[in-house]
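K.L.:
Okay, so here is upload-v8.cif, and as you'll see once you scroll down, it has mmCIF, C-alpha atoms.
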data_coords
#
loop_
_atom_site.group_PDB
_atom_site.id
_atom_site.type_symbol
_atom_site.label_atom_id
_atom_site.label_comp_id
_atom_site.auth_asym_id
_atom_site.auth_seq_id
_atom_site.Cartn_x
_atom_site.Cartn_y
_atom_site.Cartn_z
ATOM 1 C CA MET A 1 6.062 -145.552 95.001
ATOM 2 C CA LYS A 2 8.470 -147.121 97.463
ATOM 3 C CA GLN A 3 11.529 -144.881 97.392
ATOM 4 C CA VAL A 4 12.036 -141.311 96.200
ATOM 5 C CA PRO A 5 14.268 -141.234 93.094
ATOM 6 C CA THR A 6 16.995 -138.729 92.369
ATOM 7 C CA CYS A 7 16.772 -136.192 89.566
ATOM 8 C CA PRO A 8 18.272 -137.518 86.307
ATOM 9 C CA HIS A 9 19.811 -134.069 85.589
ATOM 10 C CA CYS A 10 21.339 -132.886 88.869
ATOM 11 C CA GLY A 11 21.199 -135.936 91.171
ATOM 12 C CA VAL A 12 19.213 -134.256 93.981
ATOM 13 C CA LEU A 13 16.406 -136.168 95.727
ATOM 14 C CA MET A 14 13.088 -135.305 94.088
ATOM 15 C CA ARG A 15 10.103 -134.012 96.066
ATOM 16 C CA HIS A 16 6.694 -135.700 95.774
ATOM 17 C CA ILE A 17 4.079 -133.175 94.602
ATOM 18 C CA GLY A 18 1.014 -135.382 94.463
ATOM 19 C CA ASN A 19 -0.991 -138.061 92.681
ATOM 20 C CA GLU A 20 -3.196 -137.262 89.706
ATOM 21 C CA LYS A 21 -5.100 -139.054 86.983
ATOM 22 C CA ILE A 22 -4.060 -138.099 83.465
ATOM 23 C CA GLN A 23 -6.822 -138.359 80.879
ATOM 24 C CA LEU A 24 -6.016 -140.742 78.032
ATOM 25 C CA GLY A 25 -7.399 -140.425 74.521
ATOM 26 C CA LYS A 26 -7.860 -137.371 72.365
ATOM 27 C CA THR A 27 -10.592 -135.085 71.090
ATOM 28 C CA GLY A 28 -11.544 -135.951 67.528
ATOM 29 C CA TRP A 29 -12.977 -133.858 64.735
ATOM 30 C CA ILE A 30 -15.968 -136.099 63.993
ATOM 31 C CA LEU A 31 -16.748 -137.779 67.325
ATOM 32 C CA GLY A 32 -15.673 -134.864 69.552
ATOM 33 C CA ASP A 33 -14.868 -135.876 73.143
ATOM 34 C CA LEU A 34 -16.305 -139.407 72.943
ATOM 35 C CA PRO A 35 -12.936 -141.171 72.347
ATOM 36 C CA ASN A 36 -11.473 -139.146 75.225
ATOM 37 C CA LEU A 37 -14.250 -140.182 77.614
ATOM 38 C CA VAL A 38 -14.064 -143.862 76.656
ATOM 39 C CA ALA A 39 -10.253 -144.050 76.955
ATOM 40 C CA GLY A 40 -10.203 -143.606 80.750
ATOM 41 C CA ALA A 41 -7.440 -142.157 82.927
ATOM 42 C CA LEU A 42 -3.924 -143.165 83.961
ATOM 43 C CA PRO A 43 -2.964 -142.737 87.639
ATOM 44 C CA VAL A 44 0.451 -141.076 88.010
ATOM 45 C CA SER A 45 2.679 -139.897 90.819
ATOM 46 C CA ILE A 46 4.271 -136.484 90.149
ATOM 47 C CA LEU A 47 7.718 -135.593 91.481
ATOM 48 C CA CYS A 48 9.645 -132.330 91.156
ATOM 49 C CA CYS A 49 13.347 -131.576 91.563
ATOM 50 C CA PRO A 50 13.811 -128.705 94.059
ATOM 51 C CA GLU A 51 17.092 -127.762 92.360
ATOM 52 C CA CYS A 52 16.306 -127.620 88.608
ATOM 53 C CA SER A 53 12.450 -127.833 88.679
ATOM 54 C CA LYS A 54 12.349 -130.898 86.436
ATOM 55 C CA LEU A 55 9.079 -132.824 86.635
ATOM 56 C CA GLU A 56 8.979 -136.614 86.516
ATOM 57 C CA PHE A 57 5.864 -138.775 86.163
ATOM 58 C CA TYR A 58 5.729 -142.320 87.523
ATOM 59 C CA LEU A 59 2.966 -144.862 87.252
ATOM 60 C CA GLY A 60 0.806 -144.441 90.337
ATOM 61 C CA GLU A 61 -0.761 -147.134 92.432
ATOM 62 C CA THR A 62 -4.528 -147.469 92.528
ATOM 63 C CA PRO A 63 -6.367 -149.742 94.904
ATOM 64 C CA GLU A 64 -8.218 -152.505 93.060
ATOM 65 C CA GLU A 65 -11.376 -151.975 95.138
ATOM 66 C CA GLU A 66 -11.687 -148.417 93.832
ATOM 67 C CA ASP A 67 -12.520 -149.598 90.303
ATOM 68 C CA LYS A 68 -14.364 -152.763 91.277
ATOM 69 C CA LEU A 69 -18.177 -152.875 91.370
ATOM 70 C CA PRO A 70 -20.028 -154.584 94.220
ATOM 71 C CA GLN A 71 -20.802 -158.238 93.526
ATOM 72 C CA ARG A 72 -24.116 -160.107 93.633
ATOM 73 C CA THR A 73 -24.682 -163.861 93.931
ATOM 74 C CA CYS A 74 -27.227 -165.277 91.521
ATOM 75 C CA PRO A 75 -29.975 -167.252 93.334
ATOM 76 C CA SER A 76 -30.320 -169.597 90.346
ATOM 77 C CA CYS A 77 -26.746 -170.690 89.542
ATOM 78 C CA GLY A 78 -24.870 -169.405 92.623
ATOM 79 C CA LEU A 79 -22.132 -167.581 90.657
ATOM 80 C CA GLN A 80 -21.080 -163.995 91.394
ATOM 81 C CA HIS A 81 -21.233 -161.095 88.951
ATOM 82 C CA ASP A 82 -21.356 -157.279 88.957
ATOM 83 C CA PHE A 83 -24.299 -155.862 90.901
ATOM 84 C CA ASP A 84 -25.534 -153.611 88.067
ATOM 85 C CA TYR A 85 -26.480 -156.421 85.625
ATOM 86 C CA PRO A 86 -30.267 -156.807 85.288
ATOM 87 C CA LYS A 87 -29.745 -160.494 84.330
ATOM 88 C CA CYS A 88 -27.174 -163.039 85.425
ATOM 89 C CA PRO A 89 -24.538 -163.200 82.643
ATOM 90 C CA HIS A 90 -24.033 -166.929 83.333
ATOM 91 C CA CYS A 91 -27.553 -168.405 83.430
ATOM 92 C CA LYS A 92 -29.628 -165.377 82.293
ATOM 93 C CA TYR A 93 -31.688 -165.292 85.515
ATOM 94 C CA ASP A 94 -33.817 -162.103 85.307
ATOM 95 C CA TYR A 95 -33.830 -160.089 88.552
ATOM 96 C CA ASN A 96 -36.644 -157.830 87.353
ATOM 97 C CA ALA A 97 -39.075 -160.640 86.439
ATOM 98 C CA ARG A 98 -42.019 -160.990 88.806
ATOM 99 C CA ARG A 99 -41.991 -164.290 90.657
#
As structure tokens, how would this structure be written, given the file I've shared?
P.N.:
Amino acid sequence: MKQVPTCPHCGVLMRHIGNEKIQLGKTGWILGDLPNLVAGALPVSILCCPECSKLEFYLGETPEEEDKLPQRTCPSCGLQHDFDYPKCPHCKYDYNARR
């Protein structure tokens, strides 16, 4: 968030309270919390008006490296992929096979 906005009700500069992640999804009757867990979270920046106590939520910024897994280079094809794959998704090279 580059600049602090003014309150839409009273025009006073809002105060930054903090950054949070709001859980997306909902709890279902049949599957319980599974849809909630799979939906992920939305990073938001929370601001409050010191005059009228109105809260405003703005889309927060998250660093890309935070959600990115470490990469591994396949010795067979030379392409990079996520470190947690047991096989290369490109050429199917098996890391667990005894050589």
K.L.:
Kindly provide, as an mmCIF file with C-alpha atoms, keeping the file's coordinate frame, the polymer residues lying within 6 Å of (0.3, -141.7, 83.1), counting all atoms listed in the file and using the coordinates exactly as they appear in the file.
P.N.:
data_model
loop_
_atom_site.group_PDB
_atom_site.id
_atom_site.type_symbol
_atom_site.label_atom_id
_atom_site.label_comp_id
_atom_site.auth_asym_id
_atom_site.auth_seq_id
_atom_site.Cartn_x
_atom_site.Cartn_y
_atom_site.Cartn_z
ATOM 1 C CA ILE A 22 -4.060 -138.099 83.465
ATOM 2 C CA LEU A 42 -3.924 -143.165 83.961
ATOM 3 C CA PRO A 43 -2.964 -142.737 87.639
ATOM 4 C CA VAL A 44 0.451 -141.076 88.010
ATOM 5 C CA LEU A 59 2.966 -144.862 87.252
#
K.L.:
Please expand the PyMOL selection byres ((chain A and resi 24) around 7) into the concrete residues it hits in this file, giving the result as a compact mmCIF listing (two decimals) with C-alpha atoms, in the frame of the given file.
P.N.:
# COMPACT_ATOMS: atom_id res chain seq x y z
CA ILE A 22 -4.06 -138.10 83.46
CA GLN A 23 -6.82 -138.36 80.88
CA GLY A 25 -7.40 -140.43 74.52
CA LYS A 26 -7.86 -137.37 72.36
CA ASN A 36 -11.47 -139.15 75.22
CA ALA A 39 -10.25 -144.05 76.96
CA GLY A 40 -10.20 -143.61 80.75
CA ALA A 41 -7.44 -142.16 82.93
CA LEU A 42 -3.92 -143.16 83.96
K.L.:
Expand the PyMOL selection byres ((chain A and resi 48) around 10) into the explicit residue set it covers here, and present it as number ranges by chain.
P.N.:
A: 6-7, 13-18, 46-47, 49-57
K.L.:
Near A:Asp82, within 8 Å and counting only C-alpha atoms, which residues show up once chain neighbours fewer than 6 positions away are dropped, as JSON, numbers by chain?
P.N.:
{"A": [69, 70, 71, 72]}
K.L.:
Between A:Cys10, A:Trp29, A:Pro5, A:Cys88, which residue has the minimum interatomic distance to A:Ser76, considering all atoms listed in the file?
P.N.:
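With all atoms listed in the file as the atom set, the closest residue is A:Cys88.
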K.L.:
Carefully work through the PyMOL selection byres ((chain A and resi 91-94) around 12) for this structure and note down the residues it includes, as a list in words.
P.N.:
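Selected by the PyMOL selection byres ((chain A and resi 91-94) around 12) in this file: Thr73, Cys74, Pro75, Ser76, Cys77, Gly78, Leu79, Gln80, His81, Tyr85, Pro86, Lys87, Cys88, Pro89, His90, Tyr95, Asn96, Ala97, Arg98 and Arg99 of chain A.
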K.L.:
Would you work out the distance separating atom CA of A:Leu31 from atom CA of A:Asp84, expressed in Å to one decimal?
P.N.:
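Computing the Euclidean distance for atom CA of A:Leu31 and atom CA of A:Asp84 yields 27.5 Å.
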